[in-house]
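The structure appears below as structure tokens.
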Amino acid sequence: MTLRRVSSLAAVTLSVTLAAACAKGTGNAAEPQSSFNPSATLSGSLQVMGFGGDDEIGQVRLAEAKKALGSGVKVSQVKGDLDIQQFLSAVASGQPPEIVYANRDQIGTFASRGAIVPLDSCIKGEGIDTSAFRNPALDQVTFAGHVYGIPEFNVVQITQANKDLLSQAGLTVDDVNGSSWDKVTAANKKLAKTSGGKLKVIGFDSKLPEFLPLWAKANGADLISADGKKAQLNDPKVVEALQFAVGIYEDQGGFSKVKAFRDSADFFGKGNQFATGVLGAMPMEQWYVNVLNDVSPNAPMVFDTVRGKDGKPLAFASGSAWAIPKGSKNAQAACRFAKVMTQTESWVKAAQKRVELRQKEGKVFTGLLTGNAKADEEVRKLVKPSGNPTWDSAVEKTYAANDATFSLPANPADAEFKTAWQDAVNRVLNGQQEPKAALDQAQQEAQKALDAAWAEWDKK
Amino acid sequence: MRRSETRAAWLFISPWVVGFLVFTAYPVLYTAYLSLTDYDVINDPHFVGLENFRTLMDDPKVALALRNTAVFVVMSVPTHLLIALFLALLLNRAGRASGFFRTAFFLPKMTPPVAVGILLLLLFNGQSGLINRVLGSVGIDGPAWTTDPTWVKPGLVMMTLWTVGGSVVILLAALRSVPQELYDAARVDGAGWWRQTWHVTVPMISGALFFVFIVNTIHAFQSFTEAYTAYFGSGNTTYSNDAALFYAIYLFQQAFQFLHMGYASALAWLLFVVIMLVTLVQFRVSKRFVFYEGEQR
């Protein structure tokens with residue numbers, strides 16, 4: 001071996017060793033050692049990552065939180081949706097934000113990797129009333145028996161339908177609320193219209209892939225076990241739910257046609273599918289009621305909750321949560337910030353501001369789902385009858401759905417789990433696989449990911 | 001004198017050398033190390049030997065992504081090259097207007113790839129997209145470009161032609177440097193346009209053609225943004241299409257969505273090896289077809 005070769009080899013070895021030295025993680029998060037006390041005077045800085053909060057609901061609560069922290073704490077924001085890579089890199093480099101705002105379904109993954117800390121002492125010390133939070137929301141941020149996030153907001157689905165199209169077809173909203181899949185299938189066939197091989201009216205949109213958990217639950221099945229360890233994707237009831245929801249598209253000429261038509265719609269504008277009479281019904285998140293009320297207040301709408309086969313209201317809850325990263329340099333301030341952002345008084349003040357703004361615009365206040373049951377109750381008192389039974393009914397159904405939510409539990413492989421079932425649904429929609437085969441494959445992929453992730457967790 | 005010149009040379013190239021070492025060489029070596037570990041960004045890398053490479057051999061999605069990427073490369077690179085050559089030949093005859101057209105062809109290249117991905121969904125919408133409306137006007141019922149797995153890749157290939165302008169400019173520059181005497185001699189020998197193109201133009205610009213071919217092949221193997229935006233990106237969070245799962249997209253998912261940095265590093269090295277092998281084959285084959293002026297064999 002020549003001297004030059006030896007030198008090259010030494011340089012490479014040195015570089016790899018340096019690289020290895022740099023790749024030091026900071027995992028195995030424990031609870032912060034800070035002492036939490038609601039009456040303590042706080043100081044220092046508080047960097048908030050992942051929170052946009054530019055509307056009045058965000059701004060009013062932010063002001064409340066700043067007031068509670070006192071002038072000694074300097075609050076700064078890294079705005080925009082949470083960039084996972086940016087967040088994890090910041091934690092790994094020992095420079096995390098003091099508090100992070102994440103989707104609730106990300107909490108299990110962050111917790112299992114030690115990127116965020118359990119909040120037991122924060123909750124106890126600051127006196128955060130966890131009993132006020134809705135259980136499905138709290139379940140989503142509870143991992144291995146510890147609460148890792150303070151939940152806020154609740155996104156739920158309700159049935160939204162075009163009353164005129166329904167009545168022209170001799171139907172009512174009961175035919176499309178999901179309480180009878182036979183009725184939904186029949187209604188879809190009546191409502192859908194094609195001309196010259198092109199779809200002109202979508203009868204019913206079952207909103208796949210995203211709403212598979214909803215249809216599965218409506219059929220009495222969960223996609224994952226309550227402890228977050230076992231995938232249940234090829235449960236016969238899940239397969240049946242997928243067959244039903246895909247069948248809705250097949251009866252309209254296939255998913256390709258429905259998607260192409262759906263994608264060409266002016267979803268957020270005056271030319272939306274309901275206003276233009278090209279969509280019969282669909283389950284949809286409650287925020288879309290606000291969109292419709294804003295851009296097409298005269299659209300002939302009718303609303304109901306989504307219902308399970310037993311006829312009871314049902315909604316798949318999602319939302320956000322506040323979490324404290326490992327290495328947060330001001331955990332006390334972070335904890336109090338999370339507490340104030342999610343407490344009933346802050347929500348009520350934010351809702352009052354929204355009511356005021358909506359009144360100025362001459363628009364309806366359609367309520368606010370906070371993830372906090374007590375706050376929901378107080379905010380609902382601010383909702384006044386608008387004089388328009390359609391929008392009042394939307395509010396009523398939204399709150400009914402909010403009382404009937406379920407969620408998927410936190411698990412350490414959420415991204416892989418979600419990708420597995422969504423890919424399966426997409427393979428069926430794209431005509432590549434039958435529902436049973438697709439979900440069998442997804443079950444294997446998801447379980448493999450869950451087993452690996454839980455095994456890693458068990459080693460800690 | 002010579003030593004001071006050498007020092008000056010190093011000084012002048014040092015910004016590049018430092019940049020190369022810090023931003024290219026170091027990350028490359030780092031991924032080589034990471035490919036032998038289990039690493040999730042937060043926790044310490046855990047040495048697993050060749051486990052990641054064994055896993056990728058058994059991972060059906062690696063095979064799917066490689067197959068998708070290979071098909072895309074085979075479809076897109078020759079199409080891109082032929083269209084670029086055709087446009088360059090046209091521009092070469094455009095006379096004084098060629099400057100305008102050269103700019104016009106190049107402008108789409110400036111479009112951000114994310115915008116191209118979104119544009120793809122609009123242009124190729126099966127119900128209302130411009131492509132199917134044009135096809136419909138001549139009695140052809142266009143396919144479902146964005147959902148039918150058979151048509152997803154052809155749609156993406158057609159969309160990559162949007163940025164053909166860069167290659168056109170390179171080939172046009174090469175065309176402009178072909179000596180006029182060669183054409184004159186060919187004409188004297190009775191060669192028409194086609195024979196002049198085939199026997200004079202193509203051999204004389206074969207170096208540029210080969211460059212465009214190599215660069216586009218590597219680029220196609222690394223295809224990511226347009227397909228990701230259209231089929232996996234944030235505007236389309238739940239709908240995806242296996243047919244558009246290119247290798248770089250799967251690598252991205254493993255690294256940044258599932259936080260399997262070690263496995264993603266192994267995937268990156270496999271892609272590097274594949275591209276290197278393909279490039280070596282291309283260089284070997286090119287010796288028979290590519291002509292460099294002043295070359296001595």
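Chain labels A, B, ... are given in the sequence in which chains occur in the structure tokens; within each chain residues are numbered consecutively from 1, and ligands are likewise numbered from 1 in the order shown.
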
Contacts of region 362-376 of chain A at 7 Å or less, counting only C-alpha atoms, minus same-chain residues fewer than 4 places along, as a PyMOL selection string? chain A and resi 132-134+137+151-154+344+347-348+355+358+380+383+386+395

Which residues of chain B are close to chain A, meaning at most 7 Å apart when you count only C-alpha atoms, and how do they look as a PyMOL selection string? chain B and resi 29-30+33+41-45+125-128+144+147-149+238-241+256-258

Keeping only C-alpha atoms, write the selected residues to a file as a compact mmCIF listing (two decimals), in the first residue's frame.
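Generated output (selection20.txt):
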```
# COMPACT_ATOMS: atom_id res chain seq x y z
CA LEU B 29 -19.14 10.30 4.12
CA TYR B 30 -21.61 10.92 6.89
CA TYR B 33 -21.58 5.93 8.20
CA VAL B 41 -32.24 12.09 14.49
CA ILE B 42 -33.03 12.32 18.20
CA ASN B 43 -31.30 9.28 19.65
CA ASP B 44 -27.70 8.19 19.19
CA PRO B 45 -26.97 6.23 16.00
CA ASN B 125 -57.30 16.64 -14.97
CA GLY B 126 -59.32 13.84 -16.57
CA GLN B 127 -62.57 15.81 -16.55
CA SER B 128 -61.65 19.42 -17.23
CA ALA B 144 -57.46 9.58 -16.37
CA THR B 147 -55.30 8.54 -11.22
CA ASP B 148 -54.96 5.66 -13.67
CA PRO B 149 -51.63 3.95 -12.80
CA THR B 238 -54.14 11.49 1.62
CA TYR B 239 -54.39 10.62 -2.05
CA SER B 240 -51.29 9.07 -3.54
CA ASN B 241 -50.46 6.83 -6.41
CA PHE B 256 -38.17 12.70 6.85
CA GLN B 257 -41.58 11.16 7.50
CA PHE B 258 -40.66 7.91 9.21
```

Per-residue DSSP, region 365-410 of chain A, filtered to helix (DSSP H, G or I), as an NGL selection string: :A and (373-380 or 389-402)

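The interatomic distance for the pair CA of Gln160 (chain A) and CA of Gly178 (chain A) works out to 11.6 Å.
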
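Proximity of A:Lys183, A:Lys230, A:Lys163, A:Lys339 to Ile99 (chain A), computed with only C-alpha atoms, is greatest for A:Lys339.
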
If you run DSSP over the backbone, which residues in region 106-285 of chain A end up strand (DSSP E)? Put them as an NGL selection string. :A and (142-143 or 146-147 or 150-155 or 157-162 or 193-195 or 198-204 or 279-285)

For CA of Val164 (chain B) and CA of Met204 (chain B), the interatomic separation in Å (one decimal): 21.0 Å

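Atom pair CA of Leu34 (chain B) / CA of Phe47 (chain B): separated by 8.4 Å.
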
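By only C-alpha atoms, and with residues fewer than 3 positions from region 213-219 of chain B along its chain excluded, the set lying at most 7 Å from it is Val73, Val77, Leu81, Leu209, Phe210, Gln222, Ser223, Ile275 and Thr279 of chain B.
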
Writer output for current selection, C-alpha atoms, as a CSV table (one decimal), in the first residue's frame:
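The file below, out-v3.csv, is the result:
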```
chain,number,residue,atom,x,y,z
B,73,VAL,CA,-35.9,7.2,-17.0
B,77,VAL,CA,-34.7,10.8,-21.3
B,81,LEU,CA,-33.5,14.5,-26.0
B,209,LEU,CA,-26.0,15.4,-27.1
B,210,PHE,CA,-24.1,13.0,-24.8
B,222,GLN,CA,-33.4,11.7,-8.9
B,223,SER,CA,-36.9,12.9,-9.9
B,275,ILE,CA,-26.6,5.9,-11.2
B,279,THR,CA,-23.3,6.3,-16.2
```

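Of the listed residues B:His46, B:Lys287, B:His80, B:Arg3, the one whose atoms come nearest to Met159 (chain B) is B:His80, with distances taken using only C-alpha atoms.
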
Name all residues at most 12 Å from Val169 (chain B) (count only C-alpha atoms; drop same-chain ones fewer than 6 positions away) and give them as a PyMOL selection string. chain B and resi 84-92+98-99+101-107+109+163+175-176+208-209+212

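Neighbouring residues of Gly108 (chain A) at 10 Å or closer, counting only C-alpha atoms and skipping chain neighbours under 6 positions away, are Gly114, Ile116, Gln140, Val141, Thr142, Phe143, Ala144, Tyr148, Gly149, Gly228, Pro409, Ala410, Asn411, Pro412, Ala413, Asp414 and Ala415 of chain A.
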
Show which residues sit within 9 Å of region 196-198 of chain B, as number ranges by chain. Count only C-alpha atoms, and ignore same-chain residues fewer than 5 positions away. B: 182-183, 186-187, 191, 203

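Among A:Leu233, A:Ala186, A:Ala442, A:Val155, the residue with the shortest atom-to-atom distance to Ala404 (chain A), counting only C-alpha atoms, is A:Val155.
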
Surrounding residues of region 299-304 of chain A excluding itself and chain neighbours under 5 positions, 6 Å, only C-alpha atoms, as a list in words: Thr159, Gln160, Ala161, Asn162, Lys163, Ala275, Ala394 and Lys397 of chain A

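Considering the residues B:Leu277, B:Ala264, B:Ala174, B:Ile249 and counting only C-alpha atoms, Glu226 (chain B) has its shortest atom-to-atom contact with B:Ile249.
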